$ cat query_17.tsv   # TSV, C-alpha atoms
chain	number	residue	atom	x	y	z
A	53	MET	CA	-3.01	7.45	-34.55
A	54	LYS	CA	-5.86	9.63	-33.28
A	55	ALA	CA	-8.15	6.60	-33.45
A	56	LEU	CA	-5.74	4.58	-31.31
A	57	ILE	CA	-5.56	7.32	-28.67
A	58	LEU	CA	-9.34	7.65	-28.70
A	59	CYS	CA	-9.73	3.88	-28.15
A	60	PHE	CA	-7.24	4.04	-25.29
A	61	MET	CA	-9.13	6.89	-23.64
A	62	VAL	CA	-12.44	5.03	-23.93
A	63	PHE	CA	-11.36	1.54	-22.85
A	64	ILE	CA	-8.78	2.25	-20.10
A	65	PRO	CA	-11.32	3.93	-17.74
A	66	ALA	CA	-13.69	1.01	-18.33
A	67	LEU	CA	-10.97	-1.40	-17.16
A	68	LEU	CA	-10.33	0.70	-14.06
A	69	PHE	CA	-14.00	0.50	-12.97
A	70	SER	CA	-13.90	-3.28	-13.27
A	71	GLN	CA	-11.65	-3.42	-10.21
A	72	VAL	CA	-14.11	-1.73	-7.84
A	73	MET	CA	-14.92	-3.96	-4.87
A	74	ASN	CA	-18.35	-5.52	-4.79
A	75	PRO	CA	-20.39	-3.53	-2.26
A	76	HIS	CA	-22.35	-6.70	-1.44
A	77	ASP	CA	-19.45	-8.85	-0.29
A	78	GLU	CA	-20.71	-12.34	0.63
A	79	ARG	CA	-17.70	-13.26	2.73
A	80	GLY	CA	-18.95	-13.46	6.25
A	81	TYR	CA	-20.97	-15.57	8.57
A	82	LYS	CA	-24.72	-15.35	8.87
A	83	CYS	CA	-26.11	-16.16	12.26
A	84	THR	CA	-29.11	-15.43	14.39
A	85	VAL	CA	-29.05	-12.46	16.72
A	86	VAL	CA	-30.58	-11.67	20.08
A	87	ILE	CA	-31.29	-8.16	21.32
A	88	ILE	CA	-30.54	-7.75	25.02
A	89	ASP	CA	-30.88	-4.31	26.64
A	90	GLY	CA	-30.58	-2.62	23.26
A	91	ASP	CA	-27.43	-4.55	22.29
A	92	THR	CA	-27.56	-6.83	19.27
A	93	LEU	CA	-25.60	-9.98	20.09
A	94	PRO	CA	-24.80	-12.78	17.63
A	95	VAL	CA	-25.82	-16.29	18.66
A	96	VAL	CA	-23.86	-19.25	17.31
A	97	TYR	CA	-24.75	-22.81	18.30
A	98	TYR	CA	-21.93	-25.30	18.49
A	99	GLY	CA	-22.08	-29.05	18.87
A	100	LYS	CA	-20.97	-30.88	21.97
A	101	VAL	CA	-17.45	-29.93	23.00
A	102	ASP	CA	-15.43	-32.10	25.35
A	103	VAL	CA	-12.81	-30.22	27.32
A	104	THR	CA	-9.98	-32.26	28.74
A	105	GLY	CA	-6.87	-30.92	30.34
A	106	ASN	CA	-3.63	-32.49	31.36
A	107	LYS	CA	-4.08	-35.09	34.04
A	108	SER	CA	-2.09	-34.47	37.19
A	109	PHE	CA	-0.60	-37.34	39.16
A	110	ARG	CA	0.32	-37.69	42.80
A	111	ASN	CA	3.44	-39.72	42.07
A	112	SER	CA	5.30	-41.47	39.29
A	113	ALA	CA	3.49	-44.77	39.94
A	114	ASP	CA	0.15	-43.10	39.12
A	115	ALA	CA	1.68	-41.63	35.95
A	116	ARG	CA	2.92	-45.08	34.88
A	117	GLN	CA	-0.48	-46.59	35.64
A	118	TRP	CA	-2.17	-43.91	33.51
A	119	GLN	CA	0.26	-44.49	30.63
A	120	ARG	CA	-0.40	-48.23	30.85
A	121	LEU	CA	-4.16	-47.61	30.72
A	122	VAL	CA	-3.72	-45.32	27.69
A	123	TYR	CA	-1.68	-48.04	25.97
A	124	ASN	CA	-4.27	-50.73	26.73
A	125	VAL	CA	-7.22	-48.60	25.60
A	126	LYS	CA	-5.40	-47.75	22.36
A	127	ILE	CA	-5.02	-51.49	21.70
A	128	ALA	CA	-8.63	-52.44	22.58
A	129	TYR	CA	-10.56	-49.46	21.18
A	130	PRO	CA	-10.24	-50.29	17.44
A	131	TYR	CA	-11.66	-53.76	18.11
A	132	ALA	CA	-14.55	-52.25	20.07
A	133	LYS	CA	-15.35	-49.82	17.23
A	134	LEU	CA	-15.32	-52.72	14.80
A	135	ALA	CA	-17.57	-54.70	17.16
A	136	GLY	CA	-20.08	-51.84	17.12
A	137	ILE	CA	-20.09	-51.79	13.32
A	138	LYS	CA	-20.43	-55.58	13.06
A	139	PHE	CA	-23.17	-55.61	15.72
A	140	ALA	CA	-25.26	-53.13	13.74
A	141	GLU	CA	-24.61	-55.04	10.52
A	142	TYR	CA	-25.61	-58.42	11.96
A	143	SER	CA	-28.63	-56.96	13.75
A	144	LYS	CA	-29.95	-55.67	10.42
A	145	LYS	CA	-29.37	-59.04	8.79
A	146	LEU	CA	-31.16	-60.86	11.61
A	147	GLU	CA	-34.21	-58.60	11.29
A	148	THR	CA	-34.68	-59.70	7.69
A	149	ILE	CA	-34.51	-63.42	8.49
A	150	SER	CA	-37.68	-65.03	9.83
A	151	SER	CA	-36.62	-68.66	10.26
A	152	GLU	CA	-34.81	-69.58	13.50
A	153	ARG	CA	-32.80	-72.21	11.65
A	154	GLU	CA	-31.57	-69.65	9.10
A	155	LYS	CA	-30.71	-67.23	11.92
A	156	LYS	CA	-28.59	-69.88	13.66
A	157	LEU	CA	-26.83	-70.79	10.42
A	158	MET	CA	-26.14	-67.15	9.62
A	159	MET	CA	-24.77	-66.45	13.10
A	160	LYS	CA	-22.60	-69.58	13.06
A	161	LYS	CA	-21.20	-68.48	9.70
A	162	ALA	CA	-20.58	-64.96	11.06
A	163	GLU	CA	-18.86	-66.40	14.14
A	164	ASP	CA	-16.57	-68.55	11.98
A	165	GLU	CA	-15.80	-65.57	9.76
A	166	LEU	CA	-14.93	-63.34	12.74
A	167	GLN	CA	-12.90	-66.13	14.35
A	168	ALA	CA	-10.87	-66.56	11.16
A	169	GLN	CA	-10.36	-62.82	10.76
A	170	PHE	CA	-9.65	-61.72	14.35
A	171	GLY	CA	-9.21	-64.87	16.45
A	172	ALA	CA	-5.41	-64.84	16.52
A	173	GLU	CA	-5.23	-61.10	17.22
A	174	LEU	CA	-7.76	-61.25	20.05
A	175	LYS	CA	-5.95	-64.19	21.65
A	176	ASP	CA	-2.86	-61.97	21.90
A	177	LEU	CA	-4.67	-59.41	24.07
A	178	THR	CA	-3.61	-59.23	27.70
A	179	PHE	CA	-6.00	-59.80	30.58
A	180	THR	CA	-6.41	-56.05	31.15
A	181	GLN	CA	-6.91	-55.35	27.46
A	182	GLY	CA	-9.62	-58.03	27.40
A	183	LYS	CA	-11.45	-56.42	30.33
A	184	ILE	CA	-11.21	-53.02	28.67
A	185	LEU	CA	-12.46	-54.51	25.41
A	186	LEU	CA	-15.55	-55.88	27.17
A	187	LYS	CA	-16.27	-52.43	28.63
A	188	LEU	CA	-15.72	-50.70	25.29
A	189	VAL	CA	-17.96	-53.17	23.46
A	190	ASP	CA	-20.72	-52.19	25.90
A	191	ARG	CA	-19.95	-48.52	25.17
A	192	GLN	CA	-20.08	-48.98	21.38
A	193	THR	CA	-23.15	-51.22	21.19
A	194	ALA	CA	-25.12	-50.06	24.27
A	195	ASN	CA	-25.43	-53.77	25.16
A	196	CYS	CA	-23.24	-55.70	27.56
A	197	PRO	CA	-21.37	-58.61	25.92
A	198	TYR	CA	-23.58	-61.14	27.72
A	199	ASP	CA	-26.73	-59.67	26.13
A	200	ILE	CA	-25.06	-59.69	22.72
A	201	VAL	CA	-24.21	-63.39	23.04
A	202	VAL	CA	-27.77	-64.12	24.23
A	203	GLU	CA	-29.20	-62.27	21.23
A	204	PHE	CA	-26.99	-63.89	18.63
A	205	ARG	CA	-26.11	-67.33	20.01
A	206	GLY	CA	-28.68	-68.10	22.71
A	207	ARG	CA	-28.93	-68.29	26.50
A	208	PHE	CA	-27.05	-71.56	26.91
A	209	VAL	CA	-24.00	-70.33	24.98
A	210	ALA	CA	-24.08	-67.02	26.89
A	211	PHE	CA	-24.29	-68.87	30.21
A	212	PHE	CA	-21.36	-71.08	29.15
A	213	TRP	CA	-19.14	-68.13	28.21
A	214	GLN	CA	-20.14	-66.20	31.34
A	215	GLY	CA	-19.02	-69.21	33.42
A	216	ILE	CA	-15.73	-69.49	31.55
A	217	GLY	CA	-15.21	-65.74	31.90
A	218	LYS	CA	-15.86	-65.85	35.65
A	219	LEU	CA	-13.17	-68.54	36.00
A	220	PHE	CA	-10.65	-66.15	34.48
A	221	GLY	CA	-11.88	-62.98	36.18
A	222	TYR	CA	-14.07	-61.55	33.41
A	223	ASP	CA	-17.71	-60.57	33.81
A	224	LEU	CA	-19.66	-60.46	30.56
A	225	LYS	CA	-22.57	-58.79	32.36
A	226	SER	CA	-20.56	-55.79	33.56
A	227	LYS	CA	-21.88	-52.45	32.33
A	228	TYR	CA	-19.83	-49.51	31.10
A	229	ASP	CA	-19.99	-46.62	33.57
A	230	PRO	CA	-18.41	-43.52	31.97
A	231	LEU	CA	-19.14	-41.25	34.93
A	232	HIS	CA	-17.66	-43.26	37.79
A	233	GLU	CA	-15.88	-46.60	37.44
A	234	ASP	CA	-14.80	-46.16	33.81
A	235	ALA	CA	-14.28	-42.39	33.78
A	236	ASP	CA	-10.58	-42.71	32.92
A	237	ILE	CA	-11.34	-45.05	30.02
A	238	GLU	CA	-13.98	-42.62	28.74
A	239	ARG	CA	-11.53	-39.73	29.00
A	240	ILE	CA	-8.92	-41.67	27.01
A	241	VAL	CA	-11.47	-42.65	24.34
A	242	ILE	CA	-12.53	-39.01	23.94
A	243	MET	CA	-8.89	-38.01	23.61
A	244	ILE	CA	-8.37	-40.72	20.97
A	245	GLU	CA	-11.44	-39.56	19.03
A	246	ASN	CA	-10.25	-35.93	19.20
A	247	GLY	CA	-6.80	-36.97	18.00
A	248	SER	CA	-5.04	-35.51	21.03
A	249	ILE	CA	-3.32	-38.81	21.87
$ encode --input "query_17.tsv" --output "structure tokens"
Amino acid sequence: MKALILCFMVFIPALLFSQVMNPHDERGYKCTVVIIDGDTLPVVYYGKVDVTGNKSFRNSADARQWQRLVYNVKIAYPYAKLAGIKFAEYSKKLETISSEREKKLMMKKAEDELQAQFGAELKDLTFTQGKILLKLVDRQTANCPYDIVVEFRGRFVAFFWQGIGKLFGYDLKSKYDPLHEDADIERIVIMIENGSI
């Protein structure tokens, strides 16, 4: 019995010391500091932050027009993102091919593949959604649709599609202007990317 009490008296205090907090707690945030007028101030660098607030409208017609634009951009934006991915993919493939004949065959095959995959869906886009899609393709690829067609299919085909587009009110050479003409579209795209709409 004395041995049991002695063991208790030796081991219980050892267990109590095992619960002491670590004096070197690593929970925290390490950052650089700047000393200004004797004050030590932490400096934390953040990435780009886009701040958007609620848009105010003069009347209900403007609100409806905005909602319609949001709807149309939501329809066209996924196709534009996919166009950016496909553009990068096909550009890499074209860089590896040296023969012009092989390039034409590869691009014709890619065109047929895209037509089979997305042709019916893209034909269902409205006129406005088509215009927005052209702008967003320029945004995603940093090339206007006309330049993309010239690069992949040639000048004659690009000229042909530009002429057809002009007949229906499209301009394949139009550039995306996120600061002026297309500021609302850019704002909506940022809101989509942030998940706020």
$ residues_around --input "query_17.tsv" --residues "range 92-108 of chain A" --least-positions-apart "6" --cutoff "10 Å" --atoms "only C-alpha atoms" --output "PyMOL selection string"
chain A and resi 81-86+114-115+118+239-240+242-243+246+248
$ write_last_selection --input "query_17.tsv" --atoms "C-alpha atoms" --output "mmCIF file, keeping the file's coordinate frame"
data_model
loop_
_atom_site.group_PDB
_atom_site.id
_atom_site.type_symbol
_atom_site.label_atom_id
_atom_site.label_comp_id
_atom_site.auth_asym_id
_atom_site.auth_seq_id
_atom_site.Cartn_x
_atom_site.Cartn_y
_atom_site.Cartn_z
ATOM 1 C CA TYR A 81 -20.970 -15.570 8.570
ATOM 2 C CA LYS A 82 -24.720 -15.350 8.870
ATOM 3 C CA CYS A 83 -26.110 -16.160 12.260
ATOM 4 C CA THR A 84 -29.110 -15.430 14.390
ATOM 5 C CA VAL A 85 -29.050 -12.460 16.720
ATOM 6 C CA VAL A 86 -30.580 -11.670 20.080
ATOM 7 C CA ASP A 114 0.150 -43.100 39.120
ATOM 8 C CA ALA A 115 1.680 -41.630 35.950
ATOM 9 C CA TRP A 118 -2.170 -43.910 33.510
ATOM 10 C CA ARG A 239 -11.530 -39.730 29.000
ATOM 11 C CA ILE A 240 -8.920 -41.670 27.010
ATOM 12 C CA ILE A 242 -12.530 -39.010 23.940
ATOM 13 C CA MET A 243 -8.890 -38.010 23.610
ATOM 14 C CA ASN A 246 -10.250 -35.930 19.200
ATOM 15 C CA SER A 248 -5.040 -35.510 21.030
#
$ residues_around --input "query_17.tsv" --residues "range 163-180 of chain A" --least-positions-apart "3" --cutoff "9 Å" --atoms "only C-alpha atoms" --output "PDB file with C-alpha atoms, in the frame of the given file"
ATOM      1  CA  LEU A 121      -4.160 -47.610  30.720  1.00  0.00           C
ATOM      2  CA  ASN A 124      -4.270 -50.730  26.730  1.00  0.00           C
ATOM      3  CA  ILE A 127      -5.020 -51.490  21.700  1.00  0.00           C
ATOM      4  CA  ALA A 128      -8.630 -52.440  22.580  1.00  0.00           C
ATOM      5  CA  TYR A 131     -11.660 -53.760  18.110  1.00  0.00           C
ATOM      6  CA  MET A 158     -26.140 -67.150   9.620  1.00  0.00           C
ATOM      7  CA  MET A 159     -24.770 -66.450  13.100  1.00  0.00           C
ATOM      8  CA  LYS A 160     -22.600 -69.580  13.060  1.00  0.00           C
ATOM      9  CA  LYS A 183     -11.450 -56.420  30.330  1.00  0.00           C
ATOM     10  CA  ILE A 184     -11.210 -53.020  28.670  1.00  0.00           C
ATOM     11  CA  LEU A 185     -12.460 -54.510  25.410  1.00  0.00           C
ATOM     12  CA  PHE A 220     -10.650 -66.150  34.480  1.00  0.00           C
ATOM     13  CA  GLY A 221     -11.880 -62.980  36.180  1.00  0.00           C
ATOM     14  CA  TYR A 222     -14.070 -61.550  33.410  1.00  0.00           C
TER      15      TYR A 222
END
$ atom_distance --input "query_17.tsv" --atom1 "CA of Leu134 in chain A" --atom2 "CA of Ala162 in chain A"
13.8 Å
$ residues_around --input "query_17.tsv" --residues "Ala132 in chain A" --least-positions-apart "2" --cutoff "7 Å" --atoms "only C-alpha atoms" --output "PyMOL selection string"
chain A and resi 128-130+134-136+185+188-189+192
$ write_last_selection --input "query_17.tsv" --atoms "C-alpha atoms" --output "tab-separated table (two decimals), in the coordinates of the input"
chain	number	residue	atom	x	y	z
A	128	ALA	CA	-8.63	-52.44	22.58
A	129	TYR	CA	-10.56	-49.46	21.18
A	130	PRO	CA	-10.24	-50.29	17.44
A	134	LEU	CA	-15.32	-52.72	14.80
A	135	ALA	CA	-17.57	-54.70	17.16
A	136	GLY	CA	-20.08	-51.84	17.12
A	185	LEU	CA	-12.46	-54.51	25.41
A	188	LEU	CA	-15.72	-50.70	25.29
A	189	VAL	CA	-17.96	-53.17	23.46
A	192	GLN	CA	-20.08	-48.98	21.38
$ atom_distance --input "query_17.tsv" --atom1 "CA of Val201 in chain A" --atom2 "CA of Arg153 in chain A"
16.8 Å
$ atom_distance --input "query_17.tsv" --atom1 "CA of Asp229 in chain A" --atom2 "CA of Lys187 in chain A"
8.5 Å
$ residues_around --input "query_17.tsv" --residues "Tyr198 in chain A" --least-positions-apart "3" --cutoff "6 Å" --atoms "all atoms listed in the file" --output "list of chain:residue names"
A:Val201, A:Ala210, A:Leu224, A:Lys225
